[in-house]
Amino acid sequence: MNADELKALQAPLKDQYRSTPESAVATLIACGDLDIEQIAVHVRRESGASCTPGMHPMAGGDGTFACAAEMMLEALIGCAGVTFAAVCTAMSIPIEAAEVEARGTLDFRGTLGVDRSTPVGFTKVEVEFRIRSDAPDATLAKAVELAERYCVVAQTLKEVHSGWRRL
(Lines give C-alpha, C1' and ligand atoms only; values in the text may rest on other atoms or scores of the structure.)
Protein backbone atom coordinates (compact mmCIF):
# COMPACT_ATOMS: atom_id res chain seq x y z
CA MET A 1 0.00 0.00 0.00
CA ASN A 2 1.28 3.48 -0.78
CA ALA A 3 0.46 6.86 0.76
CA ASP A 4 -2.27 7.67 -1.78
CA GLU A 5 -3.97 4.30 -1.26
CA LEU A 6 -3.84 4.70 2.52
CA LYS A 7 -5.26 8.22 2.34
CA ALA A 8 -8.04 7.05 0.00
CA LEU A 9 -8.86 4.21 2.38
CA GLN A 10 -9.01 6.44 5.44
CA ALA A 11 -10.50 9.63 3.94
CA PRO A 12 -14.16 8.51 4.10
CA LEU A 13 -13.69 7.38 7.70
CA LYS A 14 -12.07 10.68 8.69
CA ASP A 15 -14.86 12.62 6.97
CA GLN A 16 -17.50 10.56 8.74
CA TYR A 17 -15.82 10.99 12.14
CA ARG A 18 -15.53 14.75 11.62
CA SER A 19 -19.18 15.15 10.64
CA THR A 20 -20.56 12.60 13.11
CA PRO A 21 -18.11 12.36 16.03
CA GLU A 22 -20.20 9.79 17.90
CA SER A 23 -19.70 7.33 15.02
CA ALA A 24 -15.98 7.22 15.87
CA VAL A 25 -16.59 5.80 19.34
CA ALA A 26 -16.35 2.03 19.70
CA THR A 27 -16.32 -0.27 22.69
CA LEU A 28 -13.99 -3.20 22.08
CA ILE A 29 -14.68 -6.26 24.19
CA ALA A 30 -12.48 -9.11 25.31
CA CYS A 31 -14.14 -12.12 26.87
CA GLY A 32 -12.93 -15.41 28.27
CA ASP A 33 -13.95 -18.49 30.22
CA LEU A 34 -12.00 -19.13 33.39
CA ASP A 35 -10.45 -22.54 33.83
CA ILE A 36 -9.98 -22.63 37.60
CA GLU A 37 -8.51 -26.14 37.61
CA GLN A 38 -5.67 -25.25 35.21
CA ILE A 39 -5.43 -21.62 36.39
CA ALA A 40 -5.99 -20.33 32.87
CA VAL A 41 -8.47 -18.34 30.79
CA HIS A 42 -9.79 -19.46 27.41
CA VAL A 43 -10.02 -16.16 25.54
CA ARG A 44 -12.68 -15.96 22.86
CA ARG A 45 -12.25 -13.64 19.90
CA GLU A 46 -14.92 -12.44 17.50
CA SER A 47 -12.91 -14.02 14.67
CA GLY A 48 -13.30 -17.42 16.27
CA ALA A 49 -9.59 -17.69 17.04
CA SER A 50 -8.66 -18.25 20.64
CA CYS A 51 -5.72 -18.25 22.98
CA THR A 52 -5.24 -19.47 26.53
CA PRO A 53 -3.19 -17.38 28.92
CA GLY A 54 -2.01 -18.95 32.15
CA MET A 55 0.73 -18.52 34.70
CA HIS A 56 4.26 -17.57 33.70
CA PRO A 57 6.87 -20.13 34.81
CA MET A 58 8.28 -17.56 37.27
CA ALA A 59 4.84 -17.52 38.93
CA GLY A 60 4.51 -21.31 39.01
CA GLY A 61 3.28 -22.09 35.52
CA ASP A 62 4.78 -24.84 33.38
CA GLY A 63 5.00 -22.78 30.19
CA THR A 64 2.04 -24.59 28.59
CA PHE A 65 -0.03 -21.43 28.32
CA ALA A 66 0.71 -17.94 27.09
CA CYS A 67 1.65 -15.40 29.76
CA ALA A 68 -0.83 -12.51 29.81
CA ALA A 69 1.94 -10.05 30.66
CA GLU A 70 3.87 -11.17 27.58
CA MET A 71 0.65 -10.92 25.58
CA MET A 72 0.35 -7.31 26.72
CA LEU A 73 3.84 -6.66 25.33
CA GLU A 74 2.79 -8.44 22.12
CA ALA A 75 -0.26 -6.19 21.89
CA LEU A 76 2.02 -3.20 22.37
CA ILE A 77 4.41 -4.19 19.58
CA GLY A 78 1.50 -5.16 17.35
CA CYS A 79 -0.11 -1.76 17.73
CA ALA A 80 3.19 0.14 17.63
CA GLY A 81 4.32 -1.76 14.55
CA VAL A 82 1.06 -1.27 12.64
CA THR A 83 1.00 2.41 13.60
CA PHE A 84 4.64 2.89 12.55
CA ALA A 85 3.95 1.16 9.22
CA ALA A 86 0.92 3.40 8.62
CA VAL A 87 2.92 6.53 9.51
CA CYS A 88 5.76 5.54 7.19
CA THR A 89 3.27 4.80 4.44
CA ALA A 90 1.48 8.12 4.91
CA MET A 91 4.80 10.00 4.94
CA SER A 92 6.18 7.98 1.97
CA ILE A 93 9.22 6.93 4.01
CA PRO A 94 11.03 4.05 2.29
CA ILE A 95 11.66 1.20 4.75
CA GLU A 96 13.87 -1.73 3.75
CA ALA A 97 13.22 -3.66 6.96
CA ALA A 98 11.97 -2.87 10.44
CA GLU A 99 11.58 -4.72 13.69
CA VAL A 100 9.94 -3.62 16.92
CA GLU A 101 10.67 -5.05 20.36
CA ALA A 102 9.04 -4.36 23.72
CA ARG A 103 10.81 -5.16 26.97
CA GLY A 104 8.94 -5.11 30.25
CA THR A 105 10.64 -5.37 33.62
CA LEU A 106 8.76 -6.83 36.54
CA ASP A 107 9.60 -8.38 39.89
CA PHE A 108 7.61 -11.55 40.53
CA ARG A 109 7.81 -11.00 44.29
CA GLY A 110 5.03 -8.45 43.81
CA THR A 111 2.57 -10.65 41.93
CA LEU A 112 3.25 -13.61 44.24
CA GLY A 113 2.77 -11.49 47.37
CA VAL A 114 6.26 -12.29 48.66
CA ASP A 115 7.00 -8.65 49.45
CA ARG A 116 4.11 -6.19 49.79
CA SER A 117 6.41 -3.26 49.04
CA THR A 118 7.33 -4.72 45.64
CA PRO A 119 5.13 -3.31 42.87
CA VAL A 120 2.79 -5.70 41.07
CA GLY A 121 3.26 -5.48 37.32
CA PHE A 122 5.74 -3.85 35.02
CA THR A 123 7.86 -1.12 36.50
CA LYS A 124 9.45 -0.30 33.16
CA VAL A 125 8.34 -0.86 29.58
CA GLU A 126 10.54 0.09 26.65
CA VAL A 127 9.81 -0.10 22.95
CA GLU A 128 12.65 -0.17 20.46
CA PHE A 129 12.46 0.05 16.69
CA ARG A 130 15.30 -1.31 14.57
CA ILE A 131 14.95 0.21 11.12
CA ARG A 132 16.86 -0.17 7.87
CA SER A 133 16.12 2.77 5.62
CA ASP A 134 17.82 5.38 3.47
CA ALA A 135 15.58 8.03 5.02
CA PRO A 136 17.29 10.70 7.16
CA ASP A 137 17.58 9.94 10.88
CA ALA A 138 15.41 12.95 11.73
CA THR A 139 12.62 11.63 9.49
CA LEU A 140 12.78 8.18 11.08
CA ALA A 141 12.81 9.73 14.56
CA LYS A 142 9.67 11.70 13.65
CA ALA A 143 7.99 8.53 12.38
CA VAL A 144 8.76 6.73 15.67
CA GLU A 145 7.49 9.76 17.62
CA LEU A 146 4.23 9.77 15.64
CA ALA A 147 3.86 6.00 16.04
CA GLU A 148 4.08 6.42 19.81
CA ARG A 149 1.64 9.34 19.74
CA TYR A 150 -0.99 7.42 17.76
CA CYS A 151 -0.45 3.91 19.18
CA VAL A 152 -3.65 3.03 21.03
CA VAL A 153 -2.00 0.48 23.32
CA ALA A 154 0.94 2.73 24.25
CA GLN A 155 -1.31 5.68 25.02
CA THR A 156 -3.69 3.48 27.00
CA LEU A 157 -0.85 2.11 29.12
CA LYS A 158 0.29 5.67 29.81
CA GLU A 159 -3.09 7.24 30.55
CA VAL A 160 -5.96 4.99 31.49
CA HIS A 161 -6.75 3.97 35.02
CA SER A 162 -9.69 1.62 35.04
CA GLY A 163 -11.71 0.06 37.79
CA TRP A 164 -12.68 -3.53 38.45
CA ARG A 165 -16.09 -4.77 39.36
CA ARG A 166 -17.80 -8.03 40.14
CA LEU A 167 -21.19 -8.77 38.59
# chains A, B, ... in the order shown; residues from 1 in each chain; ligands from 1
call {"tool": "residues_around", "arguments": {"residues": "region 107-122 of chain A", "least_positions_apart": "4", "cutoff": "10 Å", "atoms": "only C-alpha atoms", "output": "mmCIF file with N, CA and C atoms, in the first residue's frame"}}
result
data_model
loop_
_atom_site.group_PDB
_atom_site.id
_atom_site.type_symbol
_atom_site.label_atom_id
_atom_site.label_comp_id
_atom_site.auth_asym_id
_atom_site.auth_seq_id
_atom_site.Cartn_x
_atom_site.Cartn_y
_atom_site.Cartn_z
ATOM 1 N N HIS A 56 2.877 -17.590 34.173
ATOM 2 C CA HIS A 56 4.264 -17.573 33.700
ATOM 3 C C HIS A 56 5.055 -18.563 34.562
ATOM 4 N N MET A 58 7.739 -18.201 36.058
ATOM 5 C CA MET A 58 8.277 -17.562 37.272
ATOM 6 C C MET A 58 7.202 -17.312 38.327
ATOM 7 N N ALA A 59 5.933 -17.615 37.963
ATOM 8 C CA ALA A 59 4.838 -17.520 38.930
ATOM 9 C C ALA A 59 4.293 -18.910 39.259
ATOM 10 N N GLY A 60 4.928 -19.949 38.719
ATOM 11 C CA GLY A 60 4.508 -21.310 39.014
ATOM 12 C C GLY A 60 3.930 -22.065 37.840
ATOM 13 N N ALA A 69 1.040 -11.203 30.661
ATOM 14 C CA ALA A 69 1.941 -10.046 30.661
ATOM 15 C C ALA A 69 2.738 -9.990 29.358
ATOM 16 N N ARG A 103 10.226 -4.504 25.804
ATOM 17 C CA ARG A 103 10.809 -5.156 26.974
ATOM 18 C C ARG A 103 10.101 -4.613 28.209
#
call {"tool": "select_by_dssp", "arguments": {"residues": "chain A", "states": "helix (DSSP H, G or I)", "output": "NGL selection string"}}
result
:A and (3-19 or 21-24 or 57-59 or 68-90 or 108-111 or 137-150 or 152-159)
call {"tool": "select_by_dssp", "arguments": {"residues": "region 63-144 of chain A", "states": "strand (DSSP E or B)", "output": "ChimeraX atom specification"}}
result
/A:66-67,97-106,122-132
call {"tool": "write_last_selection", "arguments": {"atoms": "N, CA and C atoms", "output": "mmCIF file, in the first residue's frame"}}
result
data_model
loop_
_atom_site.group_PDB
_atom_site.id
_atom_site.type_symbol
_atom_site.label_atom_id
_atom_site.label_comp_id
_atom_site.auth_asym_id
_atom_site.auth_seq_id
_atom_site.Cartn_x
_atom_site.Cartn_y
_atom_site.Cartn_z
ATOM 1 N N ALA A 66 0.132 -19.265 27.314
ATOM 2 C CA ALA A 66 0.707 -17.935 27.087
ATOM 3 C C ALA A 66 0.669 -17.153 28.399
ATOM 4 N N CYS A 67 1.634 -16.285 28.597
ATOM 5 C CA CYS A 67 1.651 -15.401 29.764
ATOM 6 C C CYS A 67 0.942 -14.106 29.368
ATOM 7 N N ALA A 97 13.611 -2.663 5.956
ATOM 8 C CA ALA A 97 13.224 -3.658 6.955
ATOM 9 C C ALA A 97 13.063 -2.938 8.286
ATOM 10 N N ALA A 98 12.180 -3.460 9.118
ATOM 11 C CA ALA A 98 11.974 -2.871 10.442
ATOM 12 C C ALA A 98 11.540 -3.965 11.406
ATOM 13 N N GLU A 99 11.939 -3.794 12.624
ATOM 14 C CA GLU A 99 11.580 -4.720 13.693
ATOM 15 C C GLU A 99 11.237 -3.878 14.913
ATOM 16 N N VAL A 100 10.286 -4.323 15.691
ATOM 17 C CA VAL A 100 9.936 -3.623 16.923
ATOM 18 C C VAL A 100 9.988 -4.633 18.065
ATOM 19 N N GLU A 101 10.531 -4.190 19.184
ATOM 20 C CA GLU A 101 10.666 -5.053 20.360
ATOM 21 C C GLU A 101 10.200 -4.282 21.585
ATOM 22 N N ALA A 102 9.445 -4.945 22.438
ATOM 23 C CA ALA A 102 9.045 -4.358 23.718
ATOM 24 C C ALA A 102 9.662 -5.192 24.830
ATOM 25 N N ARG A 103 10.226 -4.504 25.804
ATOM 26 C CA ARG A 103 10.809 -5.156 26.974
ATOM 27 C C ARG A 103 10.101 -4.613 28.209
ATOM 28 N N GLY A 104 9.597 -5.509 29.012
ATOM 29 C CA GLY A 104 8.938 -5.105 30.246
ATOM 30 C C GLY A 104 9.652 -5.725 31.433
ATOM 31 N N THR A 105 9.943 -4.899 32.425
ATOM 32 C CA THR A 105 10.639 -5.369 33.618
ATOM 33 C C THR A 105 9.649 -5.481 34.771
ATOM 34 N N LEU A 106 9.596 -6.649 35.374
ATOM 35 C CA LEU A 106 8.763 -6.827 36.543
ATOM 36 C C LEU A 106 9.448 -7.732 37.546
ATOM 37 N N PHE A 122 4.540 -4.424 35.629
ATOM 38 C CA PHE A 122 5.741 -3.855 35.020
ATOM 39 C C PHE A 122 6.107 -2.537 35.690
ATOM 40 N N THR A 123 7.370 -2.393 35.977
ATOM 41 C CA THR A 123 7.861 -1.118 36.502
ATOM 42 C C THR A 123 8.541 -0.308 35.410
ATOM 43 N N LYS A 124 8.812 -0.970 34.290
ATOM 44 C CA LYS A 124 9.450 -0.301 33.160
ATOM 45 C C LYS A 124 9.055 -1.040 31.894
ATOM 46 N N VAL A 125 8.633 -0.287 30.890
ATOM 47 C CA VAL A 125 8.340 -0.863 29.576
ATOM 48 C C VAL A 125 9.034 0.010 28.547
ATOM 49 N N GLU A 126 9.821 -0.621 27.710
ATOM 50 C CA GLU A 126 10.543 0.092 26.651
ATOM 51 C C GLU A 126 10.196 -0.517 25.304
ATOM 52 N N VAL A 127 10.068 0.343 24.324
ATOM 53 C CA VAL A 127 9.813 -0.104 22.953
ATOM 54 C C VAL A 127 10.974 0.385 22.100
ATOM 55 N N GLU A 128 11.513 -0.522 21.315
ATOM 56 C CA GLU A 128 12.651 -0.169 20.459
ATOM 57 C C GLU A 128 12.351 -0.589 19.027
ATOM 58 N N PHE A 129 12.575 0.343 18.115
ATOM 59 C CA PHE A 129 12.459 0.052 16.689
ATOM 60 C C PHE A 129 13.861 -0.104 16.122
ATOM 61 N N ARG A 130 14.060 -1.134 15.331
ATOM 62 C CA ARG A 130 15.299 -1.308 14.569
ATOM 63 C C ARG A 130 14.899 -1.189 13.104
ATOM 64 N N ILE A 131 15.427 -0.169 12.452
ATOM 65 C CA ILE A 131 14.952 0.210 11.118
ATOM 66 C C ILE A 131 16.115 0.271 10.142
ATOM 67 N N ARG A 132 15.917 -0.338 8.978
ATOM 68 C CA ARG A 132 16.856 -0.168 7.866
ATOM 69 C C ARG A 132 16.150 0.677 6.819
#
call {"tool": "closest_atom_pairs", "arguments": {"of": "region 52-153 of chain A", "to": "region 4-17 of chain A", "cutoff": "12 Å", "atoms": "only C-alpha atoms", "output": "Markdown table"}}
result
| residue | atom | partner | partner_atom | distance |
| --- | --- | --- | --- | --- |
| A:Ala85 | CA | A:Leu6 | CA | 10.9 |
| A:Ala86 | CA | A:Leu6 | CA | 7.8 |
| A:Val87 | CA | A:Leu6 | CA | 9.9 |
| A:Cys88 | CA | A:Leu6 | CA | 10.7 |
| A:Thr89 | CA | A:Leu6 | CA | 7.4 |
| A:Ala90 | CA | A:Leu6 | CA | 6.8 |
| A:Met91 | CA | A:Asp4 | CA | 10.0 |
| A:Ser92 | CA | A:Asp4 | CA | 9.2 |
call {"tool": "residues_around", "arguments": {"residues": "region 141-156 of chain A", "least_positions_apart": "2", "cutoff": "8 Å", "atoms": "only C-alpha atoms", "output": "JSON, numbers by chain"}}
result
{"A": [75, 76, 79, 80, 81, 83, 84, 87, 88, 129, 137, 138, 139, 158, 159, 160]}
call {"tool": "write_last_selection", "arguments": {"atoms": "N, CA and C atoms", "output": "PDB file, in the first residue's frame"}}
result
ATOM      1  N   ALA A  75       0.745  -7.157  22.351  1.00  0.00           N
ATOM      2  CA  ALA A  75      -0.255  -6.191  21.895  1.00  0.00           C
ATOM      3  C   ALA A  75       0.395  -4.833  21.649  1.00  0.00           C
ATOM      4  N   LEU A  76       1.314  -4.471  22.514  1.00  0.00           N
ATOM      5  CA  LEU A  76       2.018  -3.199  22.368  1.00  0.00           C
ATOM      6  C   LEU A  76       2.833  -3.168  21.078  1.00  0.00           C
ATOM      7  N   CYS A  79       0.475  -3.086  17.978  1.00  0.00           N
ATOM      8  CA  CYS A  79      -0.108  -1.764  17.735  1.00  0.00           C
ATOM      9  C   CYS A  79       0.972  -0.774  17.296  1.00  0.00           C
ATOM     10  N   ALA A  80       2.099  -0.785  17.986  1.00  0.00           N
ATOM     11  CA  ALA A  80       3.189   0.136  17.634  1.00  0.00           C
ATOM     12  C   ALA A  80       3.696  -0.136  16.224  1.00  0.00           C
ATOM     13  N   GLY A  81       3.827  -1.407  15.880  1.00  0.00           N
ATOM     14  CA  GLY A  81       4.318  -1.763  14.549  1.00  0.00           C
ATOM     15  C   GLY A  81       3.361  -1.376  13.438  1.00  0.00           C
ATOM     16  N   THR A  83       1.053   0.947  13.633  1.00  0.00           N
ATOM     17  CA  THR A  83       1.000   2.414  13.599  1.00  0.00           C
ATOM     18  C   THR A  83       2.231   2.978  12.903  1.00  0.00           C
ATOM     19  N   PHE A  84       3.402   2.437  13.198  1.00  0.00           N
ATOM     20  CA  PHE A  84       4.637   2.886  12.547  1.00  0.00           C
ATOM     21  C   PHE A  84       4.555   2.645  11.039  1.00  0.00           C
ATOM     22  N   VAL A  87       2.259   5.211   9.537  1.00  0.00           N
ATOM     23  CA  VAL A  87       2.917   6.532   9.515  1.00  0.00           C
ATOM     24  C   VAL A  87       3.925   6.591   8.368  1.00  0.00           C
ATOM     25  N   CYS A  88       4.751   5.559   8.259  1.00  0.00           N
ATOM     26  CA  CYS A  88       5.760   5.536   7.190  1.00  0.00           C
ATOM     27  C   CYS A  88       5.097   5.536   5.819  1.00  0.00           C
ATOM     28  N   PHE A 129      12.575   0.343  18.115  1.00  0.00           N
ATOM     29  CA  PHE A 129      12.459   0.052  16.689  1.00  0.00           C
ATOM     30  C   PHE A 129      13.861  -0.104  16.122  1.00  0.00           C
ATOM     31  N   ASP A 137      17.844  10.303   9.489  1.00  0.00           N
ATOM     32  CA  ASP A 137      17.577   9.936  10.880  1.00  0.00           C
ATOM     33  C   ASP A 137      16.461  10.781  11.489  1.00  0.00           C
ATOM     34  N   ALA A 138      16.435  12.057  11.175  1.00  0.00           N
ATOM     35  CA  ALA A 138      15.408  12.946  11.728  1.00  0.00           C
ATOM     36  C   ALA A 138      14.016  12.531  11.253  1.00  0.00           C
ATOM     37  N   THR A 139      13.904  12.080  10.026  1.00  0.00           N
ATOM     38  CA  THR A 139      12.617  11.631   9.489  1.00  0.00           C
ATOM     39  C   THR A 139      12.168  10.358  10.187  1.00  0.00           C
ATOM     40  N   LYS A 158      -0.178   4.437  29.172  1.00  0.00           N
ATOM     41  CA  LYS A 158       0.285   5.668  29.813  1.00  0.00           C
ATOM     42  C   LYS A 158      -0.813   6.387  30.579  1.00  0.00           C
ATOM     43  N   GLU A 159      -2.055   6.334  30.066  1.00  0.00           N
ATOM     44  CA  GLU A 159      -3.087   7.243  30.547  1.00  0.00           C
ATOM     45  C   GLU A 159      -4.267   6.650  31.304  1.00  0.00           C
ATOM     46  N   VAL A 160      -4.687   5.469  30.966  1.00  0.00           N
ATOM     47  CA  VAL A 160      -5.963   4.990  31.488  1.00  0.00           C
ATOM     48  C   VAL A 160      -5.798   4.283  32.829  1.00  0.00           C
TER      49      VAL A 160
END
call {"tool": "residues_around", "arguments": {"residues": "region 30-39 of chain A", "least_positions_apart": "3", "cutoff": "8 Å", "atoms": "only C-alpha atoms", "output": "JSON list (two decimals) with N, CA and C atoms, in the first residue's frame"}}
result
[["chain", "number", "residue", "atom", "x", "y", "z"],
["A", 42, "HIS", "N", -9.62, -19.18, 28.83],
["A", 42, "HIS", "CA", -9.79, -19.46, 27.41],
["A", 42, "HIS", "C", -10.42, -18.21, 26.79],
["A", 43, "VAL", "N", -9.58, -17.43, 26.12],
["A", 43, "VAL", "CA", -10.02, -16.16, 25.54],
["A", 43, "VAL", "C", -10.73, -16.43, 24.22],
["A", 44, "ARG", "N", -11.90, -15.82, 24.09],
["A", 44, "ARG", "CA", -12.68, -15.96, 22.86],
["A", 44, "ARG", "C", -12.56, -14.66, 22.07],
["A", 45, "ARG", "N", -12.33, -14.79, 20.78],
["A", 45, "ARG", "CA", -12.25, -13.64, 19.90],
["A", 45, "ARG", "C", -13.41, -13.68, 18.93],
["A", 54, "GLY", "N", -2.12, -18.32, 30.84],
["A", 54, "GLY", "CA", -2.01, -18.95, 32.15],
["A", 54, "GLY", "C", -0.83, -18.36, 32.88],
["A", 55, "MET", "N", -0.36, -19.05, 33.88],
["A", 55, "MET", "CA", 0.73, -18.52, 34.70],
["A", 55, "MET", "C", 2.09, -18.63, 34.01]]
call {"tool": "atom_distance", "arguments": {"atom1": "CA of Ala24 (chain A)", "atom2": "CA of Ala68 (chain A)"}}
result
28.5 Å
call {"tool": "atom_distance", "arguments": {"atom1": "CA of Ala3 (chain A)", "atom2": "CA of Val82 (chain A)"}}
result
14.4 Å
